[in-house]
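Student: Sharing upload_20.cif, mmCIF, C-alpha atoms and all ligand atoms:
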data_input
loop_
_atom_site.label_atom_id
_atom_site.label_comp_id
_atom_site.auth_asym_id
_atom_site.auth_seq_id
_atom_site.Cartn_x
_atom_site.Cartn_y
_atom_site.Cartn_z
CA MET A 1 9.40 11.58 -22.85
CA ASN A 2 11.13 13.12 -19.86
CA TYR A 3 9.41 13.62 -16.55
CA ASN A 4 10.72 15.99 -13.94
CA PHE A 5 10.65 14.44 -10.49
CA ASP A 6 12.91 17.23 -9.19
CA GLU A 7 10.09 19.74 -9.50
CA LYS A 8 8.92 21.01 -6.14
CA ILE A 9 5.17 21.51 -6.06
CA ASP A 10 3.94 23.72 -3.27
CA ARG A 11 1.24 21.64 -1.59
CA LYS A 12 0.70 23.89 1.42
CA ASN A 13 -2.83 25.30 1.64
CA THR A 14 -4.10 22.94 -1.04
CA ASP A 15 -6.25 20.98 1.43
CA CYS A 16 -3.98 17.93 1.28
CA VAL A 17 -3.65 15.90 4.45
CA LYS A 18 0.12 15.46 4.20
CA TYR A 19 0.77 19.21 4.65
CA ASP A 20 -2.47 20.76 5.81
CA GLY A 21 -3.13 17.90 8.25
CA LEU A 22 0.03 18.56 10.29
CA LYS A 23 -1.89 20.53 12.90
CA LYS A 24 -4.58 17.88 13.22
CA PHE A 25 -2.32 14.81 13.25
CA PHE A 26 0.95 16.13 14.77
CA ASN A 27 -0.22 19.26 16.57
CA VAL A 28 2.40 21.43 14.86
CA ASP A 29 2.00 24.40 12.54
CA ASP A 30 4.88 23.40 10.33
CA ALA A 31 7.22 20.47 9.69
CA LYS A 32 8.63 18.67 6.68
CA PRO A 33 5.96 16.04 6.05
CA LEU A 34 7.51 12.62 5.46
CA TRP A 35 4.56 10.60 6.62
CA VAL A 36 1.31 9.66 4.81
CA ALA A 37 1.79 7.46 1.73
CA ASP A 38 1.30 9.83 -1.15
CA MET A 39 4.10 11.29 -3.21
CA ASP A 40 5.32 14.86 -3.57
CA PHE A 41 5.71 14.21 -7.30
CA LYS A 42 3.23 15.61 -9.77
CA THR A 43 0.49 13.20 -10.82
CA PRO A 44 1.53 12.39 -14.41
CA ASP A 45 0.37 14.84 -17.06
CA PHE A 46 -1.22 12.19 -19.24
CA ILE A 47 -3.58 11.37 -16.36
CA LEU A 48 -4.32 15.02 -15.55
CA GLU A 49 -5.14 15.60 -19.22
CA ASP A 50 -7.53 12.64 -19.34
CA LEU A 51 -9.23 13.90 -16.19
CA LYS A 52 -9.61 17.34 -17.75
CA LYS A 53 -11.36 15.65 -20.66
CA CYS A 54 -14.02 14.50 -18.18
CA PHE A 55 -14.88 18.18 -17.69
CA ASP A 56 -15.16 18.64 -21.45
CA LYS A 57 -18.20 16.37 -21.37
CA GLN A 58 -19.83 19.38 -19.63
CA ILE A 59 -22.07 17.27 -17.45
CA LEU A 60 -20.65 15.41 -14.45
CA GLY A 61 -23.50 12.93 -14.15
CA TYR A 62 -23.59 9.30 -12.99
CA PRO A 63 -21.01 7.11 -14.74
CA ILE A 64 -21.15 3.55 -15.96
CA ILE A 65 -18.03 1.39 -16.08
CA THR A 66 -17.57 0.26 -19.67
CA ASP A 67 -15.39 -2.46 -21.20
CA ARG A 68 -12.42 -0.18 -21.80
CA ILE A 69 -11.87 0.19 -18.06
CA TYR A 70 -11.89 -3.58 -17.48
CA GLU A 71 -9.62 -4.03 -20.50
CA SER A 72 -7.08 -1.54 -19.15
CA ILE A 73 -6.71 -3.61 -15.97
CA ILE A 74 -6.37 -6.83 -17.97
CA TYR A 75 -3.82 -5.14 -20.25
CA TRP A 76 -1.74 -3.87 -17.33
CA TYR A 77 -1.63 -7.22 -15.55
CA LYS A 78 -0.56 -8.97 -18.73
CA LYS A 79 2.02 -6.36 -19.70
CA ARG A 80 3.48 -5.48 -16.34
CA HIS A 81 3.03 -8.70 -14.34
CA ASN A 82 2.61 -11.39 -16.98
CA ILE A 83 -0.74 -12.44 -15.54
CA ASN A 84 -3.58 -13.39 -17.85
CA SER A 85 -5.56 -15.71 -15.66
CA PHE A 86 -8.58 -13.47 -15.07
CA SER A 87 -11.24 -11.90 -17.24
CA LYS A 88 -13.67 -9.01 -17.10
CA ASP A 89 -16.20 -11.11 -15.19
CA ASP A 90 -13.76 -11.57 -12.32
CA ILE A 91 -13.39 -7.82 -11.65
CA GLN A 92 -15.49 -5.61 -9.37
CA PHE A 93 -14.99 -1.95 -8.55
CA THR A 94 -15.29 0.09 -5.38
CA THR A 95 -14.17 3.29 -3.70
CA GLY A 96 -10.73 2.53 -2.27
CA VAL A 97 -8.71 -0.48 -1.17
CA VAL A 98 -9.53 -0.11 2.53
CA THR A 99 -13.19 0.23 1.57
CA ALA A 100 -12.84 -3.02 -0.39
CA LEU A 101 -11.11 -4.71 2.51
CA SER A 102 -13.87 -3.82 4.92
CA ALA A 103 -16.56 -5.00 2.49
CA CYS A 104 -14.73 -8.32 1.95
CA ILE A 105 -14.53 -8.92 5.69
CA GLU A 106 -18.27 -8.43 6.05
CA ALA A 107 -18.95 -10.56 2.97
CA LEU A 108 -16.69 -13.49 3.76
CA SER A 109 -16.95 -13.98 7.51
CA ASN A 110 -19.43 -13.69 10.33
CA GLU A 111 -19.30 -11.69 13.55
CA GLU A 112 -16.87 -13.26 16.07
CA ASP A 113 -15.04 -15.14 13.31
CA GLU A 114 -11.27 -14.78 13.35
CA VAL A 115 -9.18 -12.80 10.88
CA ILE A 116 -5.38 -13.07 10.81
CA ILE A 117 -3.01 -10.21 10.08
CA GLN A 118 0.80 -10.26 10.10
CA THR A 119 2.30 -7.44 12.11
CA PRO A 120 3.73 -4.80 12.03
CA VAL A 121 1.34 -3.80 9.28
CA TYR A 122 -0.59 -0.93 7.70
CA PHE A 123 -2.77 0.20 10.60
CA PRO A 124 -6.25 0.06 8.96
CA PHE A 125 -5.81 -3.74 8.82
CA TYR A 126 -6.52 -3.68 12.57
CA SER A 127 -9.49 -1.36 12.45
CA VAL A 128 -11.32 -2.97 9.50
CA VAL A 129 -11.36 -6.25 11.40
CA LYS A 130 -12.37 -4.78 14.77
CA ASP A 131 -14.94 -2.38 13.32
CA ASN A 132 -16.69 -5.31 11.63
CA ASN A 133 -16.82 -7.10 15.01
CA ARG A 134 -14.47 -9.87 13.94
CA LYS A 135 -11.75 -11.26 16.19
CA LEU A 136 -8.28 -10.05 15.32
CA ILE A 137 -5.55 -12.72 15.43
CA LEU A 138 -1.97 -11.52 15.18
CA ASN A 139 0.78 -13.52 13.56
CA PRO A 140 3.82 -11.25 14.03
CA LEU A 141 6.45 -11.35 11.31
CA THR A 142 9.87 -12.68 12.31
CA ASN A 143 12.43 -9.89 12.36
CA GLU A 144 16.09 -10.73 11.80
CA ASN A 145 18.17 -7.57 11.51
CA ASP A 146 15.17 -5.81 9.98
CA TYR A 147 14.63 -8.50 7.35
CA TYR A 148 11.11 -9.74 7.95
CA THR A 149 9.72 -13.20 7.15
CA MET A 150 6.44 -14.95 7.86
CA ASP A 151 6.25 -17.21 10.90
CA PHE A 152 4.45 -20.26 9.49
CA GLU A 153 4.70 -22.39 12.65
CA ASN A 154 3.11 -19.67 14.75
CA LEU A 155 0.49 -19.17 12.05
CA LYS A 156 -0.50 -22.85 12.17
CA SER A 157 -0.76 -22.72 15.95
CA LYS A 158 -3.11 -19.71 15.79
CA ILE A 159 -5.62 -21.22 13.37
CA SER A 160 -8.91 -22.47 14.80
CA LYS A 161 -12.28 -23.50 13.38
CA LYS A 162 -13.32 -19.87 13.62
CA THR A 163 -10.45 -18.60 11.45
CA LYS A 164 -11.97 -17.54 8.13
CA LEU A 165 -9.68 -14.93 6.59
CA LEU A 166 -6.06 -13.85 6.37
CA ILE A 167 -5.26 -10.35 5.15
CA LEU A 168 -2.00 -10.31 3.26
CA CYS A 169 -0.08 -7.11 2.61
CA SER A 170 1.82 -7.84 -0.61
CA PRO A 171 4.25 -6.11 -0.94
CA HIS A 172 4.28 -5.41 2.76
CA ASN A 173 3.82 -1.94 4.21
CA PRO A 174 5.77 -0.90 6.31
CA VAL A 175 8.59 -3.49 6.20
CA GLY A 176 9.10 -3.31 2.42
CA ARG A 177 9.13 -7.03 1.66
CA VAL A 178 8.20 -8.47 -1.74
CA TRP A 179 7.12 -11.97 -0.72
CA SER A 180 8.81 -14.74 -2.68
CA LYS A 181 6.85 -17.34 -4.62
CA GLU A 182 7.97 -19.97 -2.10
CA GLU A 183 6.76 -17.92 0.87
CA LEU A 184 3.41 -17.26 -0.79
CA GLU A 185 3.01 -20.93 -1.69
CA GLU A 186 3.68 -22.02 1.86
CA LEU A 187 1.21 -19.44 3.18
CA MET A 188 -1.39 -20.38 0.60
CA GLN A 189 -1.04 -24.10 1.30
CA ILE A 190 -1.66 -23.57 5.02
CA CYS A 191 -4.71 -21.42 4.27
CA TYR A 192 -5.99 -23.86 1.64
CA GLU A 193 -5.77 -26.81 4.03
CA ASN A 194 -7.68 -24.85 6.65
CA ASN A 195 -10.26 -23.36 4.31
CA ILE A 196 -9.09 -19.81 4.97
CA ILE A 197 -9.56 -17.18 2.28
CA ILE A 198 -6.58 -14.91 1.62
CA ILE A 199 -7.41 -11.29 0.89
CA SER A 200 -4.27 -9.97 -0.77
CA ASP A 201 -3.84 -6.18 -0.70
CA GLU A 202 -1.48 -5.59 -3.64
CA ILE A 203 -1.72 -1.80 -3.78
CA HIS A 204 2.12 -1.49 -3.72
CA SER A 205 2.70 -4.18 -6.36
CA ASP A 206 3.89 -1.82 -9.10
CA LEU A 207 6.38 -0.05 -6.82
CA VAL A 208 8.89 -2.88 -6.68
CA PHE A 209 12.66 -3.18 -7.03
CA LYS A 210 12.65 -6.90 -7.69
CA LYS A 211 10.29 -9.26 -9.47
CA PHE A 212 6.87 -9.19 -7.86
CA THR A 213 4.88 -12.38 -7.29
CA SER A 214 1.15 -11.81 -7.08
CA ILE A 215 -1.22 -14.19 -5.41
CA LEU A 216 -2.50 -14.74 -8.97
CA HIS A 217 0.88 -16.16 -10.00
CA LEU A 218 0.24 -19.16 -7.77
CA ASP A 219 -1.19 -22.50 -8.84
CA GLU A 220 -4.76 -22.31 -10.12
CA LYS A 221 -5.88 -24.82 -7.54
CA TYR A 222 -5.68 -22.01 -4.99
CA PHE A 223 -7.77 -19.53 -6.97
CA ASP A 224 -10.99 -20.45 -5.18
CA ASN A 225 -9.49 -19.13 -1.93
CA ILE A 226 -8.11 -15.85 -3.22
CA VAL A 227 -9.35 -12.26 -3.33
CA LEU A 228 -7.01 -9.63 -4.75
CA LEU A 229 -7.41 -5.90 -4.03
CA ASN A 230 -5.68 -3.19 -6.01
CA SER A 231 -5.76 0.35 -7.37
CA PRO A 232 -3.42 2.51 -9.47
CA SER A 233 -3.59 5.11 -6.70
CA LYS A 234 -0.20 4.49 -5.00
CA THR A 235 1.66 3.95 -8.25
CA PHE A 236 0.43 7.08 -10.01
CA ASN A 237 -0.25 9.36 -7.01
CA LEU A 238 -4.05 9.36 -7.20
CA ALA A 239 -5.04 8.55 -3.61
CA GLY A 240 -7.56 11.39 -3.46
CA LEU A 241 -9.66 9.80 -6.21
CA LYS A 242 -10.68 6.83 -4.00
CA SER A 243 -10.96 4.28 -6.75
CA SER A 244 -10.12 0.57 -6.56
CA TYR A 245 -10.96 -2.88 -7.83
CA ILE A 246 -11.34 -6.43 -6.57
CA ILE A 247 -10.39 -9.58 -8.50
CA THR A 248 -11.60 -13.04 -7.57
CA LYS A 249 -12.11 -16.16 -9.67
CA ASN A 250 -14.56 -17.70 -7.20
CA ASN A 251 -18.15 -16.95 -8.31
CA LYS A 252 -19.60 -17.57 -4.87
CA ILE A 253 -17.13 -15.24 -3.20
CA ARG A 254 -17.75 -12.59 -5.86
CA ALA A 255 -21.51 -12.81 -5.35
CA SER A 256 -21.09 -12.40 -1.58
CA ILE A 257 -18.87 -9.37 -2.06
CA GLU A 258 -21.30 -7.89 -4.60
CA LYS A 259 -24.10 -8.16 -2.05
CA ILE A 260 -22.13 -6.09 0.46
CA LEU A 261 -20.96 -3.54 -2.13
CA ILE A 262 -24.61 -3.02 -3.06
CA LYS A 263 -25.72 -2.91 0.57
CA ARG A 264 -23.07 -0.26 1.33
CA HIS A 265 -23.75 1.63 -1.94
CA ILE A 266 -20.12 1.46 -2.99
CA THR A 267 -20.25 -0.35 -6.35
CA THR A 268 -18.94 2.55 -8.42
CA PRO A 269 -16.03 4.99 -8.02
CA ASN A 270 -16.58 8.56 -9.22
CA ILE A 271 -16.02 9.53 -12.87
CA PHE A 272 -12.48 10.76 -12.26
CA GLY A 273 -11.54 7.65 -10.34
CA ILE A 274 -12.86 5.43 -13.12
CA GLU A 275 -11.08 7.42 -15.84
CA SER A 276 -7.82 7.38 -13.88
CA ILE A 277 -7.70 3.57 -14.02
CA ALA A 278 -7.78 3.48 -17.83
CA SER A 279 -5.41 6.40 -18.13
CA SER A 280 -2.83 4.95 -15.70
CA TYR A 281 -2.84 1.46 -17.08
CA ASN A 282 -2.96 2.31 -20.78
CA LYS A 283 -0.35 5.04 -20.67
CA GLY A 284 1.69 4.68 -17.49
CA GLU A 285 4.52 2.22 -18.12
CA GLN A 286 7.25 4.63 -19.10
CA TRP A 287 6.41 7.08 -16.34
CA LEU A 288 6.47 4.26 -13.80
CA ASP A 289 9.89 3.06 -14.95
CA MET A 290 11.25 6.55 -14.48
CA LEU A 291 9.59 6.95 -11.11
CA LEU A 292 11.15 3.71 -9.89
CA LYS A 293 14.59 4.90 -11.01
CA TYR A 294 14.11 8.15 -9.13
CA ILE A 295 13.00 6.39 -5.94
CA LYS A 296 15.91 3.98 -6.23
CA ASN A 297 18.23 6.97 -6.45
CA ASN A 298 16.59 8.49 -3.37
CA LEU A 299 17.24 5.20 -1.60
CA GLU A 300 20.90 5.50 -2.45
CA ILE A 301 20.93 9.06 -1.12
CA LEU A 302 19.42 7.75 2.09
CA ASN A 303 21.97 4.93 2.27
CA ASN A 304 24.88 7.31 1.74
CA ASN A 305 23.74 10.12 4.01
CA LEU A 306 22.11 8.54 7.03
CA ASN A 307 24.36 8.36 10.08
CA ASP A 308 25.12 4.99 11.69
CA ASN A 309 22.78 5.54 14.63
CA ILE A 310 19.74 5.11 12.44
CA THR A 311 19.51 1.94 10.38
CA PHE A 312 17.20 0.29 7.87
CA LYS A 313 17.00 -2.72 5.61
CA GLU A 314 16.75 -1.64 2.02
CA PRO A 315 13.13 -2.18 0.97
CA GLU A 316 12.26 -4.53 -1.90
CA ALA A 317 9.22 -2.37 -2.61
CA THR A 318 7.59 1.01 -1.93
CA TYR A 319 8.98 4.43 -1.09
CA LEU A 320 8.28 3.84 2.59
CA ILE A 321 11.32 3.15 4.76
CA TRP A 322 11.06 1.39 8.11
CA LEU A 323 13.70 3.31 10.05
CA ASN A 324 15.21 1.67 13.12
CA PHE A 325 16.19 3.99 16.01
CA LYS A 326 17.14 1.24 18.48
CA LYS A 327 20.71 2.49 18.77
CA ILE A 328 19.44 5.81 20.08
CA GLU A 329 19.42 5.78 23.87
CA ASP A 330 16.08 7.39 24.39
CA THR A 331 12.45 6.38 24.63
CA HIS A 332 10.22 5.94 21.60
CA LYS A 333 8.08 8.83 22.74
CA ASN A 334 11.05 11.17 23.13
CA ILE A 335 12.47 10.19 19.75
CA PHE A 336 9.14 11.06 18.16
CA GLN A 337 9.16 14.48 19.86
CA ARG A 338 12.79 15.09 18.88
CA LEU A 339 12.05 14.21 15.25
CA LEU A 340 9.11 16.54 15.18
CA HIS A 341 10.31 19.50 17.23
CA ASN A 342 14.13 19.40 16.92
CA SER A 343 14.48 18.08 13.37
CA GLY A 344 11.20 19.52 12.13
CA LEU A 345 10.27 16.22 10.48
CA ALA A 346 6.89 14.49 10.59
CA LEU A 347 7.35 10.70 10.15
CA ASN A 348 4.76 8.01 10.81
CA ASP A 349 4.97 6.68 14.36
CA GLY A 350 6.05 3.00 14.17
CA ILE A 351 3.80 2.01 17.08
CA THR A 352 0.69 2.66 14.99
CA PHE A 353 1.68 -0.37 12.87
CA GLY A 354 1.86 -2.62 15.93
CA GLU A 355 3.83 -3.00 19.15
CA GLU A 356 6.77 -4.28 17.06
CA GLY A 357 7.09 -0.68 15.89
CA ASN A 358 8.65 0.46 19.16
CA LYS A 359 11.62 2.69 18.23
CA TYR A 360 10.74 2.54 14.54
CA PHE A 361 9.45 5.41 12.42
CA ARG A 362 8.26 5.21 8.80
CA LEU A 363 9.94 7.59 6.41
CA ASN A 364 8.40 8.52 3.03
CA ILE A 365 11.15 9.20 0.47
CA SER A 366 8.92 10.02 -2.51
CA LEU A 367 10.02 13.64 -2.76
CA PRO A 368 12.53 15.65 -4.81
CA ASN A 369 16.03 14.56 -3.82
CA LYS A 370 17.06 18.08 -2.79
CA GLU A 371 14.24 17.99 -0.22
CA LEU A 372 15.29 14.57 0.97
CA LYS A 373 18.89 15.70 1.45
CA GLU A 374 17.73 18.67 3.51
CA ALA A 375 15.63 16.40 5.71
CA LEU A 376 18.56 14.05 6.24
CA ILE A 377 20.78 16.89 7.43
CA GLU A 378 18.19 17.72 10.11
CA LEU A 379 17.85 14.05 11.04
CA ASN A 380 21.61 13.51 11.32
CA ASN A 381 22.12 16.69 13.34
CA GLU A 382 19.65 15.58 15.99
CA PHE A 383 20.68 11.92 16.21
CA SER A 384 24.44 12.04 15.58
C1 LIG B 401 -1.24 -1.60 2.12
C2 LIG B 401 -2.16 -0.45 1.84
N1 LIG B 401 -3.44 -0.69 1.53
C3 LIG B 401 -4.30 0.31 1.27
C4 LIG B 401 -3.91 1.62 1.31
C5 LIG B 401 -4.89 2.72 1.06
O1 LIG B 401 -5.75 2.41 0.04
P1 LIG B 401 -7.02 3.33 -0.26
O2 LIG B 401 -6.59 4.75 -0.11
O3 LIG B 401 -7.39 2.95 -1.65
O4 LIG B 401 -8.06 2.94 0.73
C6 LIG B 401 -2.58 1.92 1.64
C7 LIG B 401 -2.13 3.32 1.75
O5 LIG B 401 -1.07 3.63 2.19
C8 LIG B 401 -1.69 0.87 1.90
O6 LIG B 401 -0.41 1.09 2.22
#
Rewrite the structure of this file - the entire thing - as structure tokens.

Tutor:
Amino acid sequence: MNYNFDEKIDRKNTDCVKYDGLKKFFNVDDAKPLWVADMDFKTPDFILEDLKKCFDKQILGYPIITDRIYESIIYWYKKRHNINSFSKDDIQFTTGVVTALSACIEALSNEEDEVIIQTPVYFPFYSVVKDNNRKLILNPLTNENDYYTMDFENLKSKISKKTKLLILCSPHNPVGRVWSKEELEELMQICYENNIIIISDEIHSDLVFKKFTSILHLDEKYFDNIVLLNSPSKTFNLAGLKSSYIITKNNKIRASIEKILIKRHITTPNIFGIESIASSYNKGEQWLDMLLKYIKNNLEILNNNLNDNITFKEPEATYLIWLNFKKIEDTHKNIFQRLLHNSGLALNDGITFGEEGNKYFRLNISLPNKELKEALIELNNEFS
């Protein structure tokens, strides 16, 4: 099978946030959108066809999640990640990974309890904690020439009796790290000793350029303190379906989460979201391998075409690049305006991921390589 990632799909006026949200989020009528984390590649045909089959049922009534959906997740984890340590009973479903994150925070901590995040990080990690009236504790990542590592000593110093949860971004958006087994073990050991539950958001775990270690690859003794969140939505370009799942081996934790999912009426994704899980995981391996090759090639294009004033550390995962503009003698705010108005490019503002994002902007390279090359010409012209 050959898939054509060079195909340009016109997304303007399709009610997609990446293009049609430019006015709302950047206050411009037009720009090349290189921001929000969905891809400009067609959602794979085998998924679109399975979703069309949902219409063939002729009635779009309430769904029930049957064994085949659970089995597709189990199959994928075994096949793609060599994990077989969980069963159907350990899986719950809900309507998005951020939705799951928020429900887990309510389920597994009390108001005023402390929740640790490691910054710079995907910005909803801040809001889900604050909006649930929990206390946000920051453990900034250590940055050495744009290679980021966890600061375990600082982490230990921040933990108190009120610290109940740590939200892990694995792989990490926006800095592109795939955490090593050793790093995860050290993190897990600290959390285990302090009775802190790790909620591991692994939504980018299929989009990796080196071997991925999941929290479920760690020693079973830690399983009681682990909640894993995932969805095929990033991997297969399905973000609009708002479908996700939660895996935990701890019955008590699962029961607490279930209570909140029921309370918030979010126990079941819609019929398309449910179908997309089975379709992605049963049929998606070959497509994913080709996608990863294409993104890797885009990375090379970026490496070869970006001028020396803008730098980045090659990501170990994701199509999101954490671009460093520190060599540019201008303010963060001005650089943002120059990107938008002089280059005509809409990138994510680094500051939204944390104060460490000063003079960083996040670039999405999941687009046809011709489009990427055009964007890089504009970027280089402005910042040469
Ligand atoms: C780390 C991370 N978690 C969650 C999400 C979004 O998940 P959902 O759309 O399922 O809420 C994203 C999207 O970019 C992400 O990067």

Student: Within 8 Å of ligand LIG 401 (chain B), which residues show up when you count all atoms listed in the file? List them as a ChimeraX atom specification, please.

Tutor: /A:36-38,95-100,121-122,124,169-174,201-204,230-231,233-234,239-240,242-244

Student: Pick the closest to Arg11 of chain A from A:Asp40, A:Asn27, A:Thr119, A:Leu228: which is it, counting only C-alpha atoms?

Tutor: A:Asp40

Student: Hey, can you check how far atom CA of Leu168 of chain A sits from atom CA of Asp67 of chain A?

Tutor: 29.0 Å

Student: Closest to Phe41 of chain A among A:Thr235, A:Gln118, A:Ser102, A:Asn305, using only C-alpha atoms?

Tutor: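 Of A:Thr235, A:Gln118, A:Ser102, A:Asn305, the one nearest Phe41 of chain A is A:Thr235, counting only C-alpha atoms.
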
Student: Write out as a tab-separated table a residue-level contact list of segment 18-61 of chain A versus segment 326-340 of chain A with cut-off 10 Å: for each qualifying residue the closest pair of atoms and the distance in Å to one decimal, counting all atoms listed in the file, rows sorted by chain and residue number upward.

Tutor:
residue	atom	partner	partner_atom	distance
A:Phe26	CA	A:Leu340	CA	8.2
A:Asn27	CA	A:Leu340	CA	9.8
A:Val28	CA	A:Leu340	CA	8.3
A:Asp30	CA	A:Leu340	CA	9.4
A:Ala31	CA	A:Leu340	CA	7.0
A:Lys32	CA	A:Leu340	CA	8.8
A:Pro33	CA	A:Leu340	CA	9.7

Student: Go through A:Ser85, A:Gln92, A:Ser279, A:Ser384 and flag the residue nearest Lys52 of chain A, using all atoms listed in the file for the distances.

Tutor: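 Ranked by minimum distance to Lys52 of chain A, first place goes to A:Ser279.
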
Student: Would you kindly place N, CA, C and O atoms on segment 361-376 of chain A and return the model as a compact mmCIF listing (two decimals), in the frame of the given file?

Tutor:
# COMPACT_ATOMS: atom_id res chain seq x y z
N PHE A 361 10.26 4.35 13.02
CA PHE A 361 9.45 5.41 12.42
C PHE A 361 9.47 5.21 10.91
O PHE A 361 10.50 4.80 10.36
N ARG A 362 8.33 5.45 10.25
CA ARG A 362 8.26 5.21 8.80
C ARG A 362 8.51 6.49 8.03
O ARG A 362 7.81 7.49 8.23
N LEU A 363 9.51 6.42 7.18
CA LEU A 363 9.94 7.59 6.41
C LEU A 363 9.48 7.45 4.95
O LEU A 363 9.73 6.42 4.32
N ASN A 364 8.84 8.49 4.43
CA ASN A 364 8.40 8.52 3.03
C ASN A 364 9.46 9.26 2.21
O ASN A 364 9.71 10.45 2.44
N ILE A 365 10.09 8.55 1.26
CA ILE A 365 11.15 9.20 0.47
C ILE A 365 10.70 9.56 -0.95
O ILE A 365 11.53 9.76 -1.84
N SER A 366 9.38 9.65 -1.15
CA SER A 366 8.92 10.02 -2.51
C SER A 366 8.81 11.54 -2.61
O SER A 366 7.72 12.11 -2.62
N LEU A 367 9.98 12.17 -2.65
CA LEU A 367 10.02 13.64 -2.76
C LEU A 367 11.28 14.02 -3.53
O LEU A 367 12.20 13.20 -3.67
N PRO A 368 11.35 15.25 -4.06
CA PRO A 368 12.53 15.65 -4.81
C PRO A 368 13.79 15.43 -3.98
O PRO A 368 13.80 15.66 -2.76
N ASN A 369 14.87 14.97 -4.63
CA ASN A 369 16.03 14.56 -3.82
C ASN A 369 16.69 15.71 -3.06
O ASN A 369 17.27 15.49 -2.00
N LYS A 370 16.53 16.92 -3.55
CA LYS A 370 17.06 18.08 -2.79
C LYS A 370 16.34 18.15 -1.42
O LYS A 370 16.96 18.40 -0.39
N GLU A 371 15.04 17.93 -1.45
CA GLU A 371 14.24 17.99 -0.22
C GLU A 371 14.64 16.86 0.73
O GLU A 371 14.70 17.04 1.95
N LEU A 372 14.89 15.71 0.15
CA LEU A 372 15.29 14.57 0.97
C LEU A 372 16.63 14.85 1.65
O LEU A 372 16.79 14.62 2.85
N LYS A 373 17.56 15.40 0.88
CA LYS A 373 18.89 15.70 1.45
C LYS A 373 18.77 16.68 2.61
O LYS A 373 19.41 16.52 3.65
N GLU A 374 17.92 17.69 2.44
CA GLU A 374 17.73 18.67 3.51
C GLU A 374 17.17 17.99 4.77
O GLU A 374 17.60 18.26 5.89
N ALA A 375 16.23 17.11 4.57
CA ALA A 375 15.63 16.40 5.71
C ALA A 375 16.68 15.55 6.42
O ALA A 375 16.72 15.49 7.66
N LEU A 376 17.56 14.93 5.63
CA LEU A 376 18.56 14.05 6.24
C LEU A 376 19.59 14.84 7.06
O LEU A 376 20.08 14.35 8.08
